[in-house]
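Undergrad: Here you go, one structure.
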Amino acid sequence: MTAVIVASNLSKYYGNVLGLNDVSLEIESGVTGLLGPNGAGKSTFMKLITGQMKPNIGRVTVRGGKVWNNPDLFRSIGFCPEQDVFYEDMTGFEFVAGLLRFYGYGPAEVRERASRALDTVDLSKDKDRLIRGYSRGMRQRVKFAQAIAHDPDILILDEPLSGLDPLGKRKLIKLIKDFRNEGRTVLVSSHVLPEIEALTSRVVLVHQGKILAQGDVPYIRELIEAHPHMISVRSSGPRALAARFVGDPAIQKMTFAPDGRTLVVETHKRDDFYGRLTGAVLEGGIEVEEISSPDDNLQAVFEYLVGK
Amino acid sequence: MNLKTSTRQVFAFFSFLGRKTGKTRVFAIIGLIPVALAVVGRIVLHGRSGDMAAVFTEILMVFFLQFYIVILSLFYGTSVTAEEVEGRTLSYLVTRPIPKTAVIVGKYAAYSLIMSVIVSVSLGLSFFVLNSSRLDRPAIYTTFLGYLGVLILGILAYTAFFTFLGALLKKAIILGLIFGFGWENVIQYFPGSTQRFSLVHYLKSLLPYRPTTVGGGRGVALLLFRLEPTPPALAVTMLFLIAAVFLVLACLRFRTKEYLYED
């Protein structure tokens, strides 16, 4: 398959701060998820491939064409920025229609396309309200509407699901999948693995301006599974509970927290541990107050991958 | 889209948006100050048309020429780029199939039009209030159009300069204030060719030299002190040239500069 977006040895610095470091990536049609914690370099990458910034080193092309100062390219690109910013004095319709005029459509087509895009994101009823009066979810949806209104082949979405309620998220995920099914290219960023997982199985992990790993979601899951998990169990009898796990091959390490009531377990087999925990608690008559997994998050996986 | 069509679309977008912003409302309200002064002048100087003409000259020179068009151009001109960067809305413009030059030229044209309308209304009301007894004379309308033309020329030249400043610098407004109310005010009192390094010199060269001692005329005499006017044709050419040069420079800067949001 031919790559739609090609980044070669891309580096971007903000003064002494490293935004992106020697990133080479080929993005094909379908949905690709850019996954990384805040400040990882996802937005920098997206700004570089949408010509909002120039790379210090390297080259980026979209469909073989350079992106910086190449406005014709944007006929086929739809971009949804991360920032919650708008021309607040406009209504949703005026905003989408106003931006559509930059594609050279006639007034009737502008109206038709704007109405269709707003209808797609369920904003038809509120299209004549000022954007400054929109809720966070509505603002996120109108931002998406302006990105799809001109029917682009390539959609670049920077944290599009942030601020949406579960229903809004589900609807947007369906829309993005519809785009994929039509053979288009979607690059979507997020710092939440389940969000990306719901959209695509093709994931690029970005951290500290570098690509840590890329592959499908099961591969990323494997990386997570390979990462030793810390699980804290606060109970009435932490030492009795620990005694029940001594010799358990699923356990790597056990320590007691300073409060004297919390057992901290480190394991590679999280599910096995949880399975045995229930039995141990019941058999020992131990009263469990709280179970938490302090490092069961994406940040911990990234830290694990970079060898911290 | 070609440059002409893109510029027209940007112009349409921002002339629509510009009309709705709070900034436009505030400046339109400020434009009522000379109207109020004209009404007061009309009441106080009832029947003394010569004095009323002098009051209007004061308003024209002090309020419109040295304050209103400068402050309007400063805020609208620097905001051509700055409001997009500070408001982070630049992403919406530079990811469209329009040349960056069209963004600058279209927005400049839209804002110049808005400012011209605001100034026209304010100038027109104050002028005709003070000259209401002479509305039957055709010459009064020619005079008004002449004054308006000079102010619009000023708007075009100042706005182009401030647009360039906004495209070039992050905090252009501070330097703009120093230029508009420092340099422009001071340099015009310098004798010889030094005063030609100000925009206001060319604007004043287009206005009738009317030092007077009647009523508020002393202020005008002071403002025009040592003016060594440039011939009108040359002054108009210079103002258009200044506008064109700074607009081109603004476009070149905007095309090549990478604007980063503060985060």
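To be explicit about the labels: the chains of the structure tokens are called A, B, and onward in the order shown, and within each one the residues are counted from 1, while ligands get numbers from 1 in the order they are shown.
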Show me, as an MDAnalysis selection string, every residue of chain A with an atom at most 9 Å from chain B, counting only C-alpha atoms.
TA: chainID A and resid 14 47 50:54 69:81 83:87 89:90 98:104 146
Undergrad: Go ahead and write the selection's residues with N, CA and C atoms as a short mmCIF file (atom, residue, chain, number, x, y, z; two decimals), in the first residue's frame.
TA:
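Saved as result.cif:
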```cif
data_model
loop_
_atom_site.label_atom_id
_atom_site.label_comp_id
_atom_site.auth_asym_id
_atom_site.auth_seq_id
_atom_site.Cartn_x
_atom_site.Cartn_y
_atom_site.Cartn_z
N TYR A 14 11.92 23.84 19.71
CA TYR A 14 11.40 25.15 20.13
C TYR A 14 12.50 25.78 20.97
N LYS A 47 1.10 19.46 13.46
CA LYS A 47 1.32 20.81 12.90
C LYS A 47 2.33 20.76 11.75
N THR A 50 0.61 19.42 8.68
CA THR A 50 -0.43 20.30 8.13
C THR A 50 0.17 21.66 7.74
N GLY A 51 1.48 21.72 7.69
CA GLY A 51 2.15 22.93 7.19
C GLY A 51 2.02 24.14 8.09
N GLN A 52 1.70 23.91 9.35
CA GLN A 52 1.63 25.05 10.27
C GLN A 52 3.00 25.37 10.83
N MET A 53 3.90 24.40 10.71
CA MET A 53 5.26 24.60 11.18
C MET A 53 6.21 23.99 10.16
N LYS A 54 7.44 24.50 10.21
CA LYS A 54 8.48 23.96 9.33
C LYS A 54 9.38 23.07 10.17
N ASN A 69 3.66 26.05 2.80
CA ASN A 69 3.30 26.99 1.72
C ASN A 69 2.84 26.29 0.45
N ASN A 70 2.04 25.26 0.63
CA ASN A 70 1.47 24.56 -0.53
C ASN A 70 -0.05 24.49 -0.34
N PRO A 71 -0.74 25.63 -0.49
CA PRO A 71 -2.16 25.68 -0.13
C PRO A 71 -3.05 24.71 -0.91
N ASP A 72 -2.67 24.41 -2.15
CA ASP A 72 -3.53 23.51 -2.95
C ASP A 72 -3.73 22.15 -2.28
N LEU A 73 -2.73 21.75 -1.52
CA LEU A 73 -2.79 20.46 -0.85
C LEU A 73 -3.98 20.37 0.12
N PHE A 74 -4.35 21.53 0.66
CA PHE A 74 -5.37 21.54 1.72
C PHE A 74 -6.79 21.34 1.21
N ARG A 75 -6.92 21.25 -0.09
CA ARG A 75 -8.22 20.91 -0.66
C ARG A 75 -8.61 19.49 -0.22
N SER A 76 -7.59 18.65 -0.02
CA SER A 76 -7.87 17.24 0.31
C SER A 76 -7.57 16.92 1.78
N ILE A 77 -7.27 17.95 2.57
CA ILE A 77 -6.96 17.69 3.99
C ILE A 77 -7.97 18.41 4.88
N GLY A 78 -8.44 17.72 5.87
CA GLY A 78 -9.29 18.34 6.89
C GLY A 78 -8.56 18.27 8.21
N PHE A 79 -8.46 19.38 8.89
CA PHE A 79 -7.70 19.42 10.14
C PHE A 79 -8.57 19.90 11.29
N CYS A 80 -8.52 19.15 12.36
CA CYS A 80 -9.27 19.50 13.57
C CYS A 80 -8.24 19.77 14.67
N PRO A 81 -8.02 21.04 15.01
CA PRO A 81 -6.97 21.33 16.00
C PRO A 81 -7.37 20.91 17.41
N GLN A 83 -6.72 22.72 20.16
CA GLN A 83 -7.13 23.87 20.97
C GLN A 83 -8.63 24.15 20.85
N ASP A 84 -9.19 24.53 21.98
CA ASP A 84 -10.61 24.85 22.03
C ASP A 84 -10.78 26.33 21.66
N VAL A 85 -10.49 26.64 20.41
CA VAL A 85 -10.53 28.05 19.98
C VAL A 85 -11.38 28.21 18.73
N PHE A 86 -12.06 29.35 18.67
CA PHE A 86 -12.98 29.63 17.57
C PHE A 86 -13.05 31.13 17.34
N TYR A 87 -13.73 31.52 16.28
CA TYR A 87 -14.15 32.91 16.13
C TYR A 87 -15.48 32.99 16.89
N ASP A 89 -17.50 35.13 17.97
CA ASP A 89 -18.64 35.98 17.64
C ASP A 89 -19.47 35.44 16.48
N MET A 90 -19.10 34.27 15.99
CA MET A 90 -19.86 33.67 14.90
C MET A 90 -20.78 32.58 15.44
N GLY A 98 -18.32 30.03 6.67
CA GLY A 98 -17.27 31.02 6.39
C GLY A 98 -15.98 30.35 5.95
N LEU A 99 -15.60 29.28 6.67
CA LEU A 99 -14.37 28.58 6.31
C LEU A 99 -14.53 27.82 4.99
N LEU A 100 -15.73 27.38 4.70
CA LEU A 100 -15.98 26.67 3.43
C LEU A 100 -15.77 27.58 2.22
N ARG A 101 -16.00 28.86 2.41
CA ARG A 101 -15.83 29.80 1.29
C ARG A 101 -14.40 29.80 0.77
N PHE A 102 -13.46 29.42 1.65
CA PHE A 102 -12.05 29.41 1.23
C PHE A 102 -11.75 28.29 0.24
N TYR A 103 -12.75 27.45 -0.03
CA TYR A 103 -12.54 26.37 -1.01
C TYR A 103 -13.09 26.76 -2.39
N GLY A 104 -13.64 27.95 -2.47
CA GLY A 104 -14.12 28.45 -3.75
C GLY A 104 -15.51 27.98 -4.12
N GLN A 146 -16.13 21.53 10.82
CA GLN A 146 -15.35 22.35 9.87
C GLN A 146 -14.26 21.52 9.19
#
```
Undergrad: Can you list, as JSON, numbers by chain, every protein, DNA or RNA residue that comes within 12 Å of Phe64 of chain B when you count only C-alpha atoms, leaving out same-chain residues fewer than 3 positions away?
TA: {"B": [30, 31, 32, 33, 34, 35, 56, 57, 58, 59, 60, 61, 67, 68, 69, 70, 71, 72, 73, 115, 116, 118, 119, 120, 122, 123, 124, 126, 127, 147, 148, 150, 151, 152, 154, 155, 200, 203, 204]}
Undergrad: Going by DSSP on the backbone, which bits of segment 76-296 of chain A are strand (DSSP E or B)? Write them as a count of residues only, please.
TA: 54
Undergrad: Here is a test: counting only C-alpha atoms, which residue of A:Ile286, A:Ser189, A:Ile5, A:Pro107 is nearest to Val67 of chain A?
TA: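 Using only C-alpha atoms, Val67 of chain A sits closest to A:Ile5.
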Undergrad: Could you give me, as a CSV table (one decimal) with N, CA, C and O atoms, in the first residue's frame, the residues within 10 Å of Val80 of chain B, counting only C-alpha atoms and dropping anything in the same chain fewer than 6 positions from it?
TA:
```
chain,number,residue,atom,x,y,z
B,14,PHE,N,-13.7,38.3,6.9
B,14,PHE,CA,-13.3,39.2,8.0
B,14,PHE,C,-14.1,40.5,8.0
B,14,PHE,O,-14.2,41.1,9.0
B,103,VAL,N,-4.5,35.9,3.0
B,103,VAL,CA,-5.0,36.1,4.4
B,103,VAL,C,-4.7,37.6,4.8
B,103,VAL,O,-5.5,38.3,5.4
B,104,ILE,N,-3.4,38.0,4.5
B,104,ILE,CA,-3.0,39.3,4.9
B,104,ILE,C,-3.8,40.4,4.1
B,104,ILE,O,-4.3,41.3,4.7
B,105,VAL,N,-3.7,40.3,2.8
B,105,VAL,CA,-4.4,41.3,2.0
B,105,VAL,C,-5.9,41.4,2.2
B,105,VAL,O,-6.4,42.5,2.4
B,106,GLY,N,-6.5,40.2,2.3
B,106,GLY,CA,-8.0,40.2,2.5
B,106,GLY,C,-8.4,40.8,3.8
B,106,GLY,O,-9.3,41.5,3.9
B,107,LYS,N,-7.6,40.4,4.9
B,107,LYS,CA,-7.9,40.9,6.2
B,107,LYS,C,-7.6,42.4,6.3
B,107,LYS,O,-8.4,43.1,6.9
B,108,TYR,N,-6.5,42.8,5.7
B,108,TYR,CA,-6.2,44.2,5.7
B,108,TYR,C,-7.3,45.0,5.0
B,108,TYR,O,-7.7,46.1,5.5
B,110,ALA,N,-10.4,44.2,4.6
B,110,ALA,CA,-11.7,44.1,5.4
B,110,ALA,C,-11.6,45.1,6.5
B,110,ALA,O,-12.6,45.9,6.7
B,111,TYR,N,-10.5,45.1,7.2
B,111,TYR,CA,-10.4,46.0,8.4
B,111,TYR,C,-10.3,47.4,8.0
B,111,TYR,O,-10.8,48.3,8.6
B,159,THR,N,-2.5,51.5,8.6
B,159,THR,CA,-2.8,50.1,8.8
B,159,THR,C,-1.8,49.1,8.1
B,159,THR,O,-1.5,48.1,8.7
B,160,ALA,N,-1.3,49.5,6.9
B,160,ALA,CA,-0.3,48.7,6.3
B,160,ALA,C,0.9,48.6,7.1
B,160,ALA,O,1.5,47.5,7.3
B,162,PHE,N,1.2,49.0,10.4
B,162,PHE,CA,0.9,48.3,11.6
B,162,PHE,C,0.7,46.8,11.3
B,162,PHE,O,1.0,45.9,12.1
B,163,THR,N,0.2,46.5,10.1
B,163,THR,CA,0.0,45.1,9.7
B,163,THR,C,1.4,44.4,9.6
B,163,THR,O,1.6,43.3,10.1
B,164,PHE,N,2.3,45.2,9.0
B,164,PHE,CA,3.7,44.7,8.9
B,164,PHE,C,4.3,44.5,10.3
B,164,PHE,O,4.9,43.4,10.6
B,166,GLY,N,2.8,43.9,13.1
B,166,GLY,CA,2.1,42.8,13.7
B,166,GLY,C,2.6,41.4,13.1
B,166,GLY,O,2.7,40.4,13.9
B,167,ALA,N,2.9,41.4,11.9
B,167,ALA,CA,3.4,40.2,11.3
B,167,ALA,C,4.9,39.9,11.7
B,167,ALA,O,5.3,38.8,11.7
B,250,ALA,N,4.6,42.9,4.8
B,250,ALA,CA,3.8,42.0,5.8
B,250,ALA,C,3.5,40.7,5.1
B,250,ALA,O,3.6,39.6,5.8
```
Undergrad: Which residues come within 8 Å of segment 116-128 of chain A, counting only C-alpha atoms, excluding same-chain residues fewer than 2 positions away, as a list in words?
TA: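 Surrounding residues, per the criterion: Thr91, Gly92, Phe93, Glu94, Glu112, Arg113, Ala114, Leu130, Met138, Arg141, Val142, Phe144, Ala145, Gln146, Ile148, Ala149 and Leu172 of chain A.
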Undergrad: With N, CA, C and O atoms retained, could you export that selection as a short mmCIF file (atom, residue, chain, number, x, y, z; two decimals), in the first residue's frame?
TA:
```cif
data_model
loop_
_atom_site.label_atom_id
_atom_site.label_comp_id
_atom_site.auth_asym_id
_atom_site.auth_seq_id
_atom_site.Cartn_x
_atom_site.Cartn_y
_atom_site.Cartn_z
N THR A 91 -21.81 32.30 14.68
CA THR A 91 -22.63 31.13 15.02
C THR A 91 -21.94 29.90 14.44
O THR A 91 -21.03 30.04 13.61
N GLY A 92 -22.39 28.74 14.85
CA GLY A 92 -21.81 27.50 14.33
C GLY A 92 -21.89 27.45 12.82
O GLY A 92 -20.93 27.09 12.13
N PHE A 93 -23.03 27.86 12.30
CA PHE A 93 -23.22 27.82 10.85
C PHE A 93 -22.30 28.83 10.15
O PHE A 93 -21.66 28.50 9.15
N GLU A 94 -22.25 30.03 10.68
CA GLU A 94 -21.38 31.06 10.07
C GLU A 94 -19.92 30.62 10.06
O GLU A 94 -19.19 30.87 9.09
N GLU A 112 -25.17 24.40 1.64
CA GLU A 112 -25.54 22.99 1.63
C GLU A 112 -24.51 22.15 2.38
O GLU A 112 -24.86 21.31 3.21
N ARG A 113 -23.24 22.41 2.10
CA ARG A 113 -22.17 21.64 2.75
C ARG A 113 -22.11 21.94 4.27
O ARG A 113 -21.92 21.02 5.07
N ALA A 114 -22.27 23.21 4.62
CA ALA A 114 -22.22 23.57 6.04
C ALA A 114 -23.38 22.91 6.79
O ALA A 114 -23.18 22.35 7.88
N LEU A 130 -24.56 31.47 18.84
CA LEU A 130 -23.16 31.89 18.86
C LEU A 130 -22.29 30.79 19.47
O LEU A 130 -22.69 30.15 20.45
N MET A 138 -20.25 20.54 22.29
CA MET A 138 -20.73 21.17 21.04
C MET A 138 -19.58 21.85 20.31
O MET A 138 -19.49 21.81 19.08
N ARG A 141 -17.64 19.32 18.57
CA ARG A 141 -18.33 18.81 17.38
C ARG A 141 -18.29 19.81 16.23
O ARG A 141 -18.14 19.42 15.07
N VAL A 142 -18.40 21.11 16.54
CA VAL A 142 -18.37 22.09 15.45
C VAL A 142 -16.95 22.16 14.85
O VAL A 142 -16.78 22.38 13.65
N PHE A 144 -15.05 19.57 14.59
CA PHE A 144 -15.00 18.41 13.70
C PHE A 144 -15.76 18.70 12.40
O PHE A 144 -15.32 18.33 11.31
N ALA A 145 -16.87 19.40 12.53
CA ALA A 145 -17.68 19.73 11.35
C ALA A 145 -16.89 20.54 10.34
O ALA A 145 -16.95 20.28 9.13
N GLN A 146 -16.13 21.53 10.82
CA GLN A 146 -15.35 22.35 9.87
C GLN A 146 -14.26 21.52 9.19
O GLN A 146 -13.83 21.85 8.10
N ILE A 148 -14.59 18.32 8.26
CA ILE A 148 -15.14 17.36 7.28
C ILE A 148 -16.02 18.03 6.22
O ILE A 148 -16.40 17.39 5.25
N ALA A 149 -16.32 19.32 6.42
CA ALA A 149 -17.32 19.97 5.56
C ALA A 149 -16.95 19.97 4.08
O ALA A 149 -17.83 19.94 3.22
N LEU A 172 -18.80 10.08 17.29
CA LEU A 172 -17.63 10.54 16.54
C LEU A 172 -16.77 9.35 16.10
O LEU A 172 -16.25 9.34 14.98
#
```
Undergrad: Check the DSSP output for the backbone and give back, as a PyMOL selection string, the residues of segment 3-199 of chain A in helix (DSSP H, G or I).
TA: chain A and resi 42-49+71-75+92-103+107-120+131-133+136-148+166-181+193-199
Undergrad: Quick one: residues within 12 Å of Phe197 of chain B, only C-alpha atoms counted, chain neighbours fewer than 5 positions away excluded, as a list in words?
TA: Phe179, Trp183, Glu184, Asn185, Val186, Ile187, Gln188, Tyr189, Phe190, Pro191, Gly192, Tyr202, Thr230, Met238, Leu239 and Ile242 of chain B
Undergrad: Write a file of the selected residues as an mmCIF file, in the first residue's frame, keeping C-alpha atoms.
TA:
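Result file is result.cif:
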```cif
data_model
loop_
_atom_site.group_PDB
_atom_site.id
_atom_site.type_symbol
_atom_site.label_atom_id
_atom_site.label_comp_id
_atom_site.auth_asym_id
_atom_site.auth_seq_id
_atom_site.Cartn_x
_atom_site.Cartn_y
_atom_site.Cartn_z
ATOM 1 C CA PHE B 179 5.490 55.037 16.739
ATOM 2 C CA TRP B 183 7.549 59.397 16.717
ATOM 3 C CA GLU B 184 4.655 60.698 14.637
ATOM 4 C CA ASN B 185 3.997 63.532 17.066
ATOM 5 C CA VAL B 186 7.566 64.558 17.662
ATOM 6 C CA ILE B 187 9.058 64.295 14.208
ATOM 7 C CA GLN B 188 6.567 66.636 12.592
ATOM 8 C CA TYR B 189 7.963 69.586 14.541
ATOM 9 C CA PHE B 190 11.418 69.049 13.147
ATOM 10 C CA PRO B 191 12.309 71.485 10.405
ATOM 11 C CA GLY B 192 13.500 70.490 6.943
ATOM 12 C CA TYR B 202 1.950 63.671 4.140
ATOM 13 C CA THR B 230 4.931 68.201 0.394
ATOM 14 C CA MET B 238 3.930 58.670 -1.019
ATOM 15 C CA LEU B 239 0.992 57.501 1.083
ATOM 16 C CA ILE B 242 4.025 53.477 1.907
#
```
Undergrad: Need to verify the contact set: Pro231 of chain B, 9 Å, only C-alpha atoms, exclusion of same-chain residues closer than 4 positions in sequence. Can you return it as number ranges by chain?
TA: B: 202, 205-206, 235-236
Undergrad: Taking only C-alpha atoms into account, which of B:Val248, B:Val26, B:Ala38, B:Leu130 comes nearest Gly50 of chain B?
TA: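 Once distances to Gly50 of chain B are computed over only C-alpha atoms, the minimum belongs to B:Leu130.
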Undergrad: What is the distance, in Å and to one decimal place, between atom CA of Lys169 of chain A and atom CA of Leu25 of chain A?
TA: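 One can read the atom CA of Lys169 of chain A to atom CA of Leu25 of chain A distance as 27.3 Å.
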Undergrad: Looking at only C-alpha atoms, which of A:Gln208, A:Asn56, A:Gln140, A:Ser8 is the one that sits closest to Ser162 of chain A?
TA: A:Gln140
Undergrad: For atom CA of Phe128 of chain B and atom CA of Leu145 of chain B, quote the distance in Å rounded to one decimal.
TA: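 The value is 11.8 Å.
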